Structures are given as C-alpha cells and as structure tokens.
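S.K.: Contents of data00.pdb (PDB, C-alpha atoms) are given next:
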ATOM      1  CA  MET A   1     -21.235 -16.914   5.978  1.00  0.00           C
ATOM      2  CA  PRO A   2     -23.790 -16.694   8.830  1.00  0.00           C
ATOM      3  CA  GLY A   3     -25.138 -13.376   7.596  1.00  0.00           C
ATOM      4  CA  LYS A   4     -25.815 -14.740   4.125  1.00  0.00           C
ATOM      5  CA  ASP A   5     -27.565 -17.818   5.606  1.00  0.00           C
ATOM      6  CA  PHE A   6     -29.732 -15.567   7.738  1.00  0.00           C
ATOM      7  CA  VAL A   7     -30.768 -13.429   4.770  1.00  0.00           C
ATOM      8  CA  SER A   8     -31.626 -16.502   2.685  1.00  0.00           C
ATOM      9  CA  ARG A   9     -34.060 -17.743   5.369  1.00  0.00           C
ATOM     10  CA  ILE A  10     -36.143 -14.558   5.254  1.00  0.00           C
ATOM     11  CA  THR A  11     -38.667 -14.350   2.431  1.00  0.00           C
ATOM     12  CA  PRO A  12     -39.399 -11.017   0.679  1.00  0.00           C
ATOM     13  CA  GLN A  13     -42.889 -11.090   2.228  1.00  0.00           C
ATOM     14  CA  GLU A  14     -41.481 -11.497   5.729  1.00  0.00           C
ATOM     15  CA  THR A  15     -38.980  -8.715   5.087  1.00  0.00           C
ATOM     16  CA  ALA A  16     -41.762  -6.403   3.868  1.00  0.00           C
ATOM     17  CA  SER A  17     -43.953  -7.208   6.883  1.00  0.00           C
ATOM     18  CA  LEU A  18     -41.162  -6.595   9.388  1.00  0.00           C
ATOM     19  CA  THR A  19     -40.127  -3.380   7.640  1.00  0.00           C
ATOM     20  CA  ASP A  20     -43.689  -2.042   7.465  1.00  0.00           C
ATOM     21  CA  ALA A  21     -44.205  -2.700  11.164  1.00  0.00           C
ATOM     22  CA  ALA A  22     -40.924  -1.080  12.169  1.00  0.00           C
ATOM     23  CA  VAL A  23     -41.367   1.966   9.926  1.00  0.00           C
ATOM     24  CA  GLY A  24     -45.005   2.366  10.986  1.00  0.00           C
ATOM     25  CA  ASP A  25     -44.082   2.338  14.652  1.00  0.00           C
ATOM     26  CA  LEU A  26     -41.243   4.813  14.085  1.00  0.00           C
ATOM     27  CA  ALA A  27     -43.464   7.124  12.022  1.00  0.00           C
ATOM     28  CA  GLN A  28     -46.231   7.114  14.668  1.00  0.00           C
ATOM     29  CA  ARG A  29     -43.764   7.978  17.421  1.00  0.00           C
ATOM     30  CA  LEU A  30     -42.186  10.772  15.370  1.00  0.00           C
ATOM     31  CA  ALA A  31     -45.585  12.199  14.473  1.00  0.00           C
ATOM     32  CA  ARG A  32     -46.667  12.274  18.130  1.00  0.00           C
ATOM     33  CA  ARG A  33     -43.383  13.871  19.080  1.00  0.00           C
ATOM     34  CA  LEU A  34     -43.787  16.455  16.325  1.00  0.00           C
ATOM     35  CA  LEU A  35     -47.233  17.394  17.597  1.00  0.00           C
ATOM     36  CA  GLY A  36     -46.472  17.006  21.284  1.00  0.00           C
ATOM     37  CA  ALA A  37     -49.621  14.908  21.220  1.00  0.00           C
ATOM     38  CA  PRO A  38     -50.735  12.213  23.694  1.00  0.00           C
ATOM     39  CA  SER A  39     -50.208   8.542  22.903  1.00  0.00           C
ATOM     40  CA  HIS A  40     -53.881   8.102  21.909  1.00  0.00           C
ATOM     41  CA  PRO A  41     -55.221  11.216  20.086  1.00  0.00           C
ATOM     42  CA  ALA A  42     -58.891  11.751  19.377  1.00  0.00           C
ATOM     43  CA  PRO A  43     -60.002   9.645  16.355  1.00  0.00           C
ATOM     44  CA  ASP A  44     -61.677  12.645  14.656  1.00  0.00           C
ATOM     45  CA  ASP A  45     -58.564  14.873  14.894  1.00  0.00           C
ATOM     46  CA  PRO A  46     -56.864  15.129  11.436  1.00  0.00           C
ATOM     47  CA  ALA A  47     -53.696  16.643  12.895  1.00  0.00           C
ATOM     48  CA  GLN A  48     -52.258  13.239  13.825  1.00  0.00           C
ATOM     49  CA  ALA A  49     -52.883  11.791  10.345  1.00  0.00           C
ATOM     50  CA  LEU A  50     -51.405  14.853   8.636  1.00  0.00           C
ATOM     51  CA  ALA A  51     -48.349  14.779  10.885  1.00  0.00           C
ATOM     52  CA  LEU A  52     -47.932  11.076  10.090  1.00  0.00           C
ATOM     53  CA  LEU A  53     -48.160  11.832   6.371  1.00  0.00           C
ATOM     54  CA  ARG A  54     -45.501  14.500   6.721  1.00  0.00           C
ATOM     55  CA  VAL A  55     -43.190  12.194   8.672  1.00  0.00           C
ATOM     56  CA  LEU A  56     -43.633   9.367   6.149  1.00  0.00           C
ATOM     57  CA  ASP A  57     -42.697  11.714   3.317  1.00  0.00           C
ATOM     58  CA  HIS A  58     -39.486  12.686   5.119  1.00  0.00           C
ATOM     59  CA  LEU A  59     -38.767   9.021   5.848  1.00  0.00           C
ATOM     60  CA  LYS A  60     -39.164   8.245   2.152  1.00  0.00           C
ATOM     61  CA  GLN A  61     -36.669  10.959   1.247  1.00  0.00           C
ATOM     62  CA  ALA A  62     -34.265   9.724   3.924  1.00  0.00           C
ATOM     63  CA  THR A  63     -34.611   6.161   2.636  1.00  0.00           C
ATOM     64  CA  GLU A  64     -33.765   7.262  -0.891  1.00  0.00           C
ATOM     65  CA  ARG A  65     -30.660   9.086   0.342  1.00  0.00           C
ATOM     66  CA  LEU A  66     -29.575   6.083   2.401  1.00  0.00           C
ATOM     67  CA  GLN A  67     -30.209   3.717  -0.521  1.00  0.00           C
ATOM     68  CA  GLN A  68     -27.980   5.868  -2.723  1.00  0.00           C
ATOM     69  CA  GLU A  69     -25.234   5.717  -0.092  1.00  0.00           C
ATOM     70  CA  ALA A  70     -25.644   1.949   0.310  1.00  0.00           C
ATOM     71  CA  ALA A  71     -25.590   1.360  -3.461  1.00  0.00           C
ATOM     72  CA  THR A  72     -22.421   3.453  -3.752  1.00  0.00           C
ATOM     73  CA  ALA A  73     -20.794   1.549  -0.887  1.00  0.00           C
ATOM     74  CA  ALA A  74     -21.737  -1.782  -2.507  1.00  0.00           C
ATOM     75  CA  ALA A  75     -20.246  -0.683  -5.847  1.00  0.00           C
ATOM     76  CA  ARG A  76     -17.019   0.433  -4.165  1.00  0.00           C
ATOM     77  CA  ALA A  77     -16.816  -2.943  -2.425  1.00  0.00           C
ATOM     78  CA  GLY A  78     -16.961  -4.742  -5.775  1.00  0.00           C
ATOM     79  CA  ALA A  79     -20.686  -5.417  -6.320  1.00  0.00           C
ATOM     80  CA  GLY A  80     -22.090  -4.914  -9.804  1.00  0.00           C
ATOM     81  CA  TYR A  81     -25.493  -3.696 -10.911  1.00  0.00           C
ATOM     82  CA  PRO A  82     -26.891  -7.284 -10.980  1.00  0.00           C
ATOM     83  CA  GLN A  83     -26.192  -7.753  -7.262  1.00  0.00           C
ATOM     84  CA  ILE A  84     -27.349  -4.246  -6.344  1.00  0.00           C
ATOM     85  CA  GLY A  85     -30.555  -4.713  -8.314  1.00  0.00           C
ATOM     86  CA  ALA A  86     -31.229  -8.129  -6.773  1.00  0.00           C
ATOM     87  CA  ALA A  87     -30.882  -6.653  -3.275  1.00  0.00           C
ATOM     88  CA  CYS A  88     -33.720  -4.253  -4.125  1.00  0.00           C
ATOM     89  CA  GLY A  89     -35.914  -6.689  -6.050  1.00  0.00           C
ATOM     90  CA  MET A  90     -35.198  -5.153  -9.443  1.00  0.00           C
ATOM     91  CA  THR A  91     -33.292  -6.036 -12.587  1.00  0.00           C
ATOM     92  CA  ARG A  92     -29.762  -4.973 -13.445  1.00  0.00           C
ATOM     93  CA  GLN A  93     -31.167  -2.431 -15.902  1.00  0.00           C
ATOM     94  CA  GLY A  94     -33.543  -1.113 -13.240  1.00  0.00           C
ATOM     95  CA  ALA A  95     -30.684  -0.612 -10.800  1.00  0.00           C
ATOM     96  CA  ARG A  96     -28.636   1.173 -13.444  1.00  0.00           C
ATOM     97  CA  ARG A  97     -31.538   3.521 -14.232  1.00  0.00           C
ATOM     98  CA  ARG A  98     -32.182   4.223 -10.554  1.00  0.00           C
ATOM     99  CA  TRP A  99     -28.545   4.788  -9.575  1.00  0.00           C
ATOM    100  CA  PRO A 100     -26.639   5.807 -12.706  1.00  0.00           C
ATOM    101  CA  GLY A 101     -22.936   6.518 -12.521  1.00  0.00           C
ATOM    102  CA  LEU A 102     -22.137   4.388  -9.472  1.00  0.00           C
ATOM    103  CA  PHE A 103     -18.726   3.719 -10.949  1.00  0.00           C
ATOM    104  CA  HIS A 104     -17.765   7.386 -11.163  1.00  0.00           C
ATOM    105  CA  HIS A 105     -17.356   7.756 -14.920  1.00  0.00           C
ATOM    106  CA  SER A 106     -17.408  11.335 -16.157  1.00  0.00           C
ATOM    107  CA  THR A 107     -17.965  13.324 -19.318  1.00  0.00           C
ATOM    108  CA  GLU A 108     -15.273  15.797 -18.312  1.00  0.00           C
ATOM    109  CA  LYS A 109     -12.049  16.263 -20.296  1.00  0.00           C
ATOM    110  CA  PRO A 110     -10.094  13.051 -20.930  1.00  0.00           C
ATOM    111  CA  THR A 111      -8.546  11.849 -17.706  1.00  0.00           C
ATOM    112  CA  GLU A 112      -8.093   8.670 -15.764  1.00  0.00           C
ATOM    113  CA  HIS A 113     -10.666   7.502 -13.221  1.00  0.00           C
ATOM    114  CA  PRO A 114      -9.451   4.962 -10.631  1.00  0.00           C
ATOM    115  CA  THR A 115     -12.626   3.054  -9.779  1.00  0.00           C
ATOM    116  CA  MET A 116     -11.790  -0.219  -8.052  1.00  0.00           C
ATOM    117  CA  THR A 117      -9.669  -0.494  -4.947  1.00  0.00           C
ATOM    118  CA  THR A 118      -8.323  -3.395  -2.894  1.00  0.00           C
ATOM    119  CA  PRO A 119      -8.541  -6.029  -5.648  1.00  0.00           C
ATOM    120  CA  ALA A 120      -8.809  -9.704  -4.784  1.00  0.00           C
ATOM    121  CA  ARG A 121      -5.757 -10.224  -7.016  1.00  0.00           C
ATOM    122  CA  PRO A 122      -3.245  -7.575  -8.092  1.00  0.00           C
ATOM    123  CA  PHE A 123      -4.706  -7.033 -11.566  1.00  0.00           C
ATOM    124  CA  ASP A 124      -4.559  -3.582 -13.123  1.00  0.00           C
ATOM    125  CA  VAL A 125      -6.670  -2.894 -16.201  1.00  0.00           C
ATOM    126  CA  LEU A 126      -6.393   0.215 -18.354  1.00  0.00           C
ATOM    127  CA  LEU A 127      -9.604   0.874 -20.282  1.00  0.00           C
ATOM    128  CA  VAL A 128      -9.230   3.293 -23.202  1.00  0.00           C
ATOM    129  CA  GLU A 129     -12.861   4.050 -24.024  1.00  0.00           C
ATOM    130  CA  ASP A 130     -14.715   7.314 -24.597  1.00  0.00           C
ATOM    131  CA  ASP A 131     -18.256   5.897 -24.540  1.00  0.00           C
ATOM    132  CA  ILE A 132     -19.521   6.329 -20.969  1.00  0.00           C
ATOM    133  CA  ALA A 133     -22.251   3.679 -21.281  1.00  0.00           C
ATOM    134  CA  ASP A 134     -19.858   1.072 -22.676  1.00  0.00           C
ATOM    135  CA  ALA A 135     -17.292   1.926 -19.996  1.00  0.00           C
ATOM    136  CA  MET A 136     -19.899   1.324 -17.294  1.00  0.00           C
ATOM    137  CA  LEU A 137     -20.882  -2.015 -18.843  1.00  0.00           C
ATOM    138  CA  ILE A 138     -17.251  -3.108 -19.046  1.00  0.00           C
ATOM    139  CA  GLU A 139     -16.597  -2.176 -15.433  1.00  0.00           C
ATOM    140  CA  GLU A 140     -19.751  -3.956 -14.320  1.00  0.00           C
ATOM    141  CA  ALA A 141     -18.743  -7.112 -16.184  1.00  0.00           C
ATOM    142  CA  LEU A 142     -15.266  -7.026 -14.618  1.00  0.00           C
ATOM    143  CA  SER A 143     -16.643  -6.425 -11.132  1.00  0.00           C
ATOM    144  CA  GLU A 144     -18.638  -9.664 -11.323  1.00  0.00           C
ATOM    145  CA  ARG A 145     -15.395 -11.636 -11.674  1.00  0.00           C
ATOM    146  CA  GLY A 146     -13.798  -9.918  -8.688  1.00  0.00           C
ATOM    147  CA  ALA A 147     -12.481  -6.463  -7.927  1.00  0.00           C
ATOM    148  CA  ARG A 148     -10.092  -4.963 -10.470  1.00  0.00           C
ATOM    149  CA  ASN A 149      -7.911  -1.876 -10.279  1.00  0.00           C
ATOM    150  CA  LEU A 150      -9.568  -0.285 -13.291  1.00  0.00           C
ATOM    151  CA  VAL A 151      -8.473   3.033 -14.741  1.00  0.00           C
ATOM    152  CA  GLN A 152     -10.483   4.539 -17.578  1.00  0.00           C
ATOM    153  CA  VAL A 153      -9.187   7.166 -19.971  1.00  0.00           C
ATOM    154  CA  THR A 154     -11.078   8.559 -22.904  1.00  0.00           C
ATOM    155  CA  ASP A 155      -8.467   8.769 -25.689  1.00  0.00           C
ATOM    156  CA  GLY A 156      -4.970   7.748 -26.725  1.00  0.00           C
ATOM    157  CA  VAL A 157      -3.285  10.919 -25.511  1.00  0.00           C
ATOM    158  CA  ALA A 158      -4.658  10.458 -21.995  1.00  0.00           C
ATOM    159  CA  ALA A 159      -3.662   6.771 -22.114  1.00  0.00           C
ATOM    160  CA  LEU A 160      -0.024   7.591 -22.914  1.00  0.00           C
ATOM    161  CA  GLU A 161       0.067  10.322 -20.279  1.00  0.00           C
ATOM    162  CA  HIS A 162      -1.164   7.817 -17.723  1.00  0.00           C
ATOM    163  CA  LEU A 163       1.187   5.017 -18.807  1.00  0.00           C
ATOM    164  CA  ARG A 164       4.241   7.271 -18.817  1.00  0.00           C
ATOM    165  CA  ALA A 165       3.500   9.112 -15.573  1.00  0.00           C
ATOM    166  CA  PRO A 166       6.178   8.404 -12.925  1.00  0.00           C
ATOM    167  CA  GLY A 167       5.075   5.835 -10.376  1.00  0.00           C
ATOM    168  CA  THR A 168       2.071   4.632 -12.375  1.00  0.00           C
ATOM    169  CA  PRO A 169       1.460   0.867 -11.938  1.00  0.00           C
ATOM    170  CA  ARG A 170       2.025  -1.027 -15.172  1.00  0.00           C
ATOM    171  CA  PRO A 171      -1.357  -2.450 -16.311  1.00  0.00           C
ATOM    172  CA  ASP A 172      -1.732  -6.179 -16.763  1.00  0.00           C
ATOM    173  CA  LEU A 173      -4.162  -5.599 -19.612  1.00  0.00           C
ATOM    174  CA  ILE A 174      -5.200  -2.747 -21.901  1.00  0.00           C
ATOM    175  CA  VAL A 175      -8.715  -2.820 -23.360  1.00  0.00           C
ATOM    176  CA  LEU A 176      -8.812  -0.453 -26.316  1.00  0.00           C
ATOM    177  CA  ASP A 177     -11.595   1.107 -28.377  1.00  0.00           C
ATOM    178  CA  LEU A 178     -10.741   2.260 -31.903  1.00  0.00           C
ATOM    179  CA  ASN A 179     -12.802   5.404 -32.484  1.00  0.00           C
ATOM    180  CA  MET A 180     -11.909   8.181 -30.049  1.00  0.00           C
ATOM    181  CA  PRO A 181     -11.025  11.902 -30.169  1.00  0.00           C
ATOM    182  CA  ARG A 182      -7.487  13.370 -30.222  1.00  0.00           C
ATOM    183  CA  MET A 183      -5.626  10.060 -30.686  1.00  0.00           C
ATOM    184  CA  ASN A 184      -7.705   7.087 -31.808  1.00  0.00           C
ATOM    185  CA  GLY A 185      -7.123   3.459 -30.917  1.00  0.00           C
ATOM    186  CA  ARG A 186      -5.403   2.633 -34.216  1.00  0.00           C
ATOM    187  CA  ASP A 187      -2.696   5.227 -33.631  1.00  0.00           C
ATOM    188  CA  LEU A 188      -2.348   4.398 -29.948  1.00  0.00           C
ATOM    189  CA  LEU A 189      -1.878   0.706 -30.719  1.00  0.00           C
ATOM    190  CA  LYS A 190       1.013   1.500 -33.077  1.00  0.00           C
ATOM    191  CA  VAL A 191       2.682   3.659 -30.421  1.00  0.00           C
ATOM    192  CA  LEU A 192       2.249   1.004 -27.727  1.00  0.00           C
ATOM    193  CA  LYS A 193       3.690  -1.826 -29.809  1.00  0.00           C
ATOM    194  CA  ASN A 194       6.691   0.266 -30.878  1.00  0.00           C
ATOM    195  CA  ASP A 195       7.548   1.329 -27.343  1.00  0.00           C
ATOM    196  CA  ASP A 196      10.128  -0.925 -25.684  1.00  0.00           C
ATOM    197  CA  ASP A 197       8.667  -0.263 -22.241  1.00  0.00           C
ATOM    198  CA  LEU A 198       5.019  -0.873 -23.182  1.00  0.00           C
ATOM    199  CA  GLN A 199       4.980  -3.365 -26.067  1.00  0.00           C
ATOM    200  CA  THR A 200       4.658  -6.479 -23.898  1.00  0.00           C
ATOM    201  CA  ILE A 201       1.404  -5.326 -22.249  1.00  0.00           C
ATOM    202  CA  PRO A 202      -1.474  -7.380 -23.749  1.00  0.00           C
ATOM    203  CA  VAL A 203      -3.790  -5.141 -25.769  1.00  0.00           C
ATOM    204  CA  VAL A 204      -7.293  -6.298 -26.661  1.00  0.00           C
ATOM    205  CA  VAL A 205      -9.211  -4.174 -29.161  1.00  0.00           C
ATOM    206  CA  LEU A 206     -12.875  -4.045 -28.113  1.00  0.00           C
ATOM    207  CA  THR A 207     -14.858  -2.073 -30.665  1.00  0.00           C
ATOM    208  CA  THR A 208     -18.106  -1.872 -32.619  1.00  0.00           C
ATOM    209  CA  SER A 209     -16.270  -2.012 -35.947  1.00  0.00           C
ATOM    210  CA  THR A 210     -16.459  -5.194 -38.004  1.00  0.00           C
ATOM    211  CA  ALA A 211     -14.640  -3.624 -40.966  1.00  0.00           C
ATOM    212  CA  PRO A 212     -12.038  -6.052 -42.408  1.00  0.00           C
ATOM    213  CA  ASP A 213      -9.516  -3.192 -42.701  1.00  0.00           C
ATOM    214  CA  ASP A 214      -9.856  -2.473 -38.980  1.00  0.00           C
ATOM    215  CA  VAL A 215      -9.417  -6.140 -38.052  1.00  0.00           C
ATOM    216  CA  THR A 216      -6.408  -6.584 -40.341  1.00  0.00           C
ATOM    217  CA  GLY A 217      -4.918  -3.250 -39.276  1.00  0.00           C
ATOM    218  CA  ALA A 218      -5.212  -4.122 -35.589  1.00  0.00           C
ATOM    219  CA  TYR A 219      -3.429  -7.439 -35.983  1.00  0.00           C
ATOM    220  CA  SER A 220      -0.830  -5.883 -38.293  1.00  0.00           C
ATOM    221  CA  SER A 221      -0.106  -3.463 -35.444  1.00  0.00           C
ATOM    222  CA  HIS A 222       0.316  -6.471 -33.128  1.00  0.00           C
ATOM    223  CA  ALA A 223      -2.931  -6.315 -31.165  1.00  0.00           C
ATOM    224  CA  ASN A 224      -3.199  -9.414 -29.005  1.00  0.00           C
ATOM    225  CA  ALA A 225      -6.875  -9.885 -29.833  1.00  0.00           C
ATOM    226  CA  TYR A 226      -9.716  -8.172 -31.672  1.00  0.00           C
ATOM    227  CA  VAL A 227     -13.231  -8.457 -30.223  1.00  0.00           C
ATOM    228  CA  THR A 228     -16.346  -6.904 -31.724  1.00  0.00           C
ATOM    229  CA  LYS A 229     -18.748  -5.456 -29.159  1.00  0.00           C
ATOM    230  CA  PRO A 230     -21.951  -7.529 -29.170  1.00  0.00           C
ATOM    231  CA  VAL A 231     -25.217  -5.601 -29.327  1.00  0.00           C
ATOM    232  CA  ASN A 232     -26.921  -7.898 -26.827  1.00  0.00           C
ATOM    233  CA  LEU A 233     -26.231  -6.828 -23.237  1.00  0.00           C
ATOM    234  CA  GLU A 234     -25.597 -10.326 -21.869  1.00  0.00           C
ATOM    235  CA  GLU A 235     -23.341 -11.232 -24.791  1.00  0.00           C
ATOM    236  CA  PHE A 236     -21.403  -7.991 -24.263  1.00  0.00           C
ATOM    237  CA  GLU A 237     -20.902  -8.909 -20.625  1.00  0.00           C
ATOM    238  CA  ARG A 238     -19.761 -12.445 -21.487  1.00  0.00           C
ATOM    239  CA  ALA A 239     -17.303 -11.100 -24.076  1.00  0.00           C
ATOM    240  CA  VAL A 240     -15.670  -8.787 -21.523  1.00  0.00           C
ATOM    241  CA  GLN A 241     -15.522 -11.533 -18.909  1.00  0.00           C
ATOM    242  CA  SER A 242     -13.946 -13.915 -21.431  1.00  0.00           C
ATOM    243  CA  ILE A 243     -11.212 -11.360 -22.143  1.00  0.00           C
ATOM    244  CA  ASP A 244     -10.662 -10.885 -18.416  1.00  0.00           C
ATOM    245  CA  SER A 245     -10.639 -14.624 -17.751  1.00  0.00           C
ATOM    246  CA  PHE A 246      -8.079 -15.438 -20.432  1.00  0.00           C
ATOM    247  CA  TYR A 247      -5.597 -12.602 -20.022  1.00  0.00           C
ATOM    248  CA  LEU A 248      -5.749 -12.224 -16.251  1.00  0.00           C
ATOM    249  CA  ASP A 249      -6.417 -15.810 -15.118  1.00  0.00           C
ATOM    250  CA  THR A 250      -5.209 -18.172 -17.861  1.00  0.00           C
ATOM    251  CA  ALA A 251      -2.421 -16.547 -19.868  1.00  0.00           C
ATOM    252  CA  THR A 252       1.087 -16.420 -18.373  1.00  0.00           C
ATOM    253  CA  ARG A 253       2.276 -12.840 -18.033  1.00  0.00           C
ATOM    254  CA  PRO A 254       5.889 -11.756 -18.568  1.00  0.00           C
ATOM    255  CA  ARG A 255       8.023 -11.141 -15.492  1.00  0.00           C
ATOM    256  CA  LEU A 256       9.275  -7.568 -15.319  1.00  0.00           C
TER     257      LEU A 256
END
Would you mind writing the structure in this file as structure tokens?
M.R.:
Amino acid sequence: MPGKDFVSRITPQETASLTDAAVGDLAQRLARRLLGAPSHPAPDDPAQALALLRVLDHLKQATERLQQEAATAAARAGAGYPQIGAACGMTRQGARRRWPGLFHHSTEKPTEHPTMTTPARPFDVLLVEDDIADAMLIEEALSERGARNLVQVTDGVAALEHLRAPGTPRPDLIVLDLNMPRMNGRDLLKVLKNDDDLQTIPVVVLTTSTAPDDVTGAYSSHANAYVTKPVNLEEFERAVQSIDSFYLDTATRPRL
C-alpha cells in the first residue's frame, strides 16, 4: 500500500520535527489571534508567552481527545493493542493502560457485547467469560488474526439466552470459562452438548483450573478441547490464537 510505504520512510525523529514545527506555528497564530496582537510583539511583553502557554494546554487536551477517538476507530477497524501502541511509540501494555476498554467490555449485568463488525471471514465467536481483563486479552488476540464477530456474555444463563434468541447467528466457536455466576461453565457445557440444535458447535474450555476433575469432567461432557490459561501474557495470546487457528481455519465445520 502506498500509504504504508510512505509511513515507513519517515523516521520517528523526522515525524517529531515536522509535528513540532506545525504545532508551534499553529499555536503562535492562535495565540496572536487570541490577543489580537501584531505579528511581532514586543520581546519584553509576557502576554504573548502566556497566551501561547494557554493555547498549547488546550492543544494538548484536544490531542488527547483526538487520540482517544483515533484509538477507538482503530480498534473498531480490527487493530489490537499491539498495533495501537506501536503507532504511538509505546508497548501493548502501555496502550492498554492509556486507553482501557477500547473493546467495549462492561461490568454491567450479564449481557452480550457485539464488538467486531465486518469480519474478513464470516466467523462468529461466542465468548462466555466473566473476567473483564481476560475477555479483553482474548479479543485482542483474536483481532490480531483478523476481525471476528465476537459476542461476549458473562455467564451460562446469558449464553443460552443469546444462543436461543430468534435470528441470532449460530457461532462457529464457543470459548467457555468454567467459574462464573448464575450458571457456571460446567453446567452450561452439559446443556449445550445435550441440545440437538447446539451440540455440534465446537466448545473449547479456556480456564485457569488445572484440577484433574475439571479436565475429566469437561471431556466427559464432550468439550472439544480443554486449555489452561497461561499466566504469561504472550503465552496466553498464543494459546487463544492457536484455538482460533485450528477451529476457524483448519478444522472442517459441519454444514447446517
């Protein structure tokens, strides 16, 4: 893409120099306009410097607002925190701290949150996860492989309500945590695999539990896979992407 080639030819130092010059010129013009001052004020008059300081403060606030809007637009278009951070010269973690909640997760009552639109491929993922931080990490990991129609619900009851709602797209994959309020993942898995309309949807249990009873119980209830959440952030991301890669790219899905 020509735009990408153009960006790659500009070093961070050149970008900073051009930006400083442009912002400085704009700030000087706004300060003079604010004061109604001549183009060349007296050097010993502090009014011009104070007006410039005021304008620069407002420009900083405007920049922060515009950065928030741009980060939100990038997330909606399918960019993850790694790409957003890189655009601002910071790490993924730095971008997440600066702009938390770009993917619209909520601590409100259990409900579904459509977060990705216009996917590159028609993949629908239902994430049943009540931990907001883990949900954000999972969405970020999926976004790096391409846009997904991701819906997050926070317990088994909300998952069944979503799945059984008239007109709801059938998910290609369900990613399921075990420990949740109202109806936990163990009970939801049993319901899913005993429902003639839902039992063929691949269900991957993604949980912190390494308890043998949980592993055995999940497979006894016909989970398609059981994955323990890694503690390391990069390993967590790779685990999610491996699930996505296998079930949505490699495995053959049933025709309905």
S.K.: Mind listing as a PyMOL selection string all residues within 12 Å of (-27.9, 2.1, -0.9), counting all atoms listed in the file?
M.R.: chain A and resi 62-76+79+81+83-85+87-88+95+98-99+102
S.K.: Residues near stretch 18-25 of chain A, anyone? I mean within 10 Å using all atoms listed in the file, not counting same-chain ones fewer than 6 positions away, as a list in words.
M.R.: Pro12, Ala31, Leu52, Leu56 and Leu59 of chain A
S.K.: Using Å and a single decimal, report how far atom CA of A:Glu161 sits from atom CA of A:Val227.
M.R.: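 Computed distance, atom CA of A:Val227 to atom CA of A:Glu161, equals 25.1 Å.
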S.K.: Quick check on the file I pasted: which residues fall under the PyMOL selection byres ((chain A and resi 240) around 10)? Write them as a ChimeraX atom specification.
M.R.: /A:137-142,175,206,227,229-230,235-239,241-245
S.K.: Just the residues within 7 Å of A:Val157, please, counting only C-alpha atoms, with nothing from its chain fewer than 2 positions along; format it as an NGL selection string.
M.R.: :A and (155 or 159-161 or 182-183)
S.K.: Please determine, counting only C-alpha atoms, which residue among A:His162, A:Gly167, A:Ala223, A:Pro212 has the shortest atom-to-atom distance to A:Arg186.
M.R.: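 Closest residue, counting only C-alpha atoms: A:Ala223.
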S.K.: So what do you get for atom CA of A:Asn149 versus atom CA of A:Arg253, distance-wise?
M.R.: 16.9 Å
S.K.: Selected by the PyMOL selection byres ((chain A and resi 53) around 12) in the shown coordinates: which residues, as a PDB file with C-alpha atoms, in the frame of the given file?
M.R.:
ATOM      1  CA  GLY A  24     -45.005   2.366  10.986  1.00  0.00           C
ATOM      2  CA  ALA A  27     -43.464   7.124  12.022  1.00  0.00           C
ATOM      3  CA  GLN A  28     -46.231   7.114  14.668  1.00  0.00           C
ATOM      4  CA  LEU A  30     -42.186  10.772  15.370  1.00  0.00           C
ATOM      5  CA  ALA A  31     -45.585  12.199  14.473  1.00  0.00           C
ATOM      6  CA  ARG A  32     -46.667  12.274  18.130  1.00  0.00           C
ATOM      7  CA  LEU A  34     -43.787  16.455  16.325  1.00  0.00           C
ATOM      8  CA  PRO A  46     -56.864  15.129  11.436  1.00  0.00           C
ATOM      9  CA  ALA A  47     -53.696  16.643  12.895  1.00  0.00           C
ATOM     10  CA  GLN A  48     -52.258  13.239  13.825  1.00  0.00           C
ATOM     11  CA  ALA A  49     -52.883  11.791  10.345  1.00  0.00           C
ATOM     12  CA  LEU A  50     -51.405  14.853   8.636  1.00  0.00           C
ATOM     13  CA  ALA A  51     -48.349  14.779  10.885  1.00  0.00           C
ATOM     14  CA  LEU A  52     -47.932  11.076  10.090  1.00  0.00           C
ATOM     15  CA  ARG A  54     -45.501  14.500   6.721  1.00  0.00           C
ATOM     16  CA  VAL A  55     -43.190  12.194   8.672  1.00  0.00           C
ATOM     17  CA  LEU A  56     -43.633   9.367   6.149  1.00  0.00           C
ATOM     18  CA  ASP A  57     -42.697  11.714   3.317  1.00  0.00           C
ATOM     19  CA  HIS A  58     -39.486  12.686   5.119  1.00  0.00           C
ATOM     20  CA  LEU A  59     -38.767   9.021   5.848  1.00  0.00           C
ATOM     21  CA  LYS A  60     -39.164   8.245   2.152  1.00  0.00           C
TER      22      LYS A  60
END
S.K.: Convert the output of the PyMOL selection byres ((chain A and resi 226) around 7) on the shown file into explicit residues, formatted as a list in words.
M.R.: Val204, Val205, Leu206, Val215, Ala225, Val227 and Thr228 of chain A
S.K.: Generate the output file for the selected residues, C-alpha atoms, as a short mmCIF file (atom, residue, chain, number, x, y, z; two decimals), in the frame of the given file.
M.R.:
data_model
loop_
_atom_site.label_atom_id
_atom_site.label_comp_id
_atom_site.auth_asym_id
_atom_site.auth_seq_id
_atom_site.Cartn_x
_atom_site.Cartn_y
_atom_site.Cartn_z
CA VAL A 204 -7.29 -6.30 -26.66
CA VAL A 205 -9.21 -4.17 -29.16
CA LEU A 206 -12.88 -4.04 -28.11
CA VAL A 215 -9.42 -6.14 -38.05
CA ALA A 225 -6.88 -9.88 -29.83
CA VAL A 227 -13.23 -8.46 -30.22
CA THR A 228 -16.35 -6.90 -31.72
#
S.K.: Show me, as an NGL selection string, the residues that have an atom within 12 Å of A:Lys193 when counting all atoms listed in the file, minus same-chain residues fewer than 4 positions from it.
M.R.: :A and (174 or 186-189 or 197-203 or 218-224)
S.K.: Work out how far apart atom CA of A:Thr250 and atom CA of A:Asp196 are and give it in Å to one decimal.
M.R.: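 Computed distance, atom CA of A:Thr250 to atom CA of A:Asp196, equals 24.4 Å.
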S.K.: Write out as lines of an AutoDock Vina configuration file an axis-aligned box for stretch 215-224 of chain A: all of its atoms listed in the file, 6 Å added on each side, centre and edge lengths in Å with one decimal.
M.R.:
center_x = -4.6
center_y = -6.3
center_z = -34.7
size_x = 21.7
size_y = 18.2
size_z = 23.3
S.K.: Once you count only C-alpha atoms, which residues end up no further than 12 Å from (0.9, 2.9, -13.1) in the file's frame, shown as a list of chain:residue names?
M.R.: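 With a cut-off of 12 Å, the residues come to A:Glu112, A:Pro114, A:Phe123, A:Asp124, A:Val125, A:Leu126, A:Asn149, A:Leu150, A:Val151, A:Ala159, A:Leu160, A:Glu161, A:His162, A:Leu163, A:Arg164, A:Ala165, A:Pro166, A:Gly167, A:Thr168, A:Pro169, A:Arg170, A:Pro171, A:Asp172, A:Leu173, A:Leu198.
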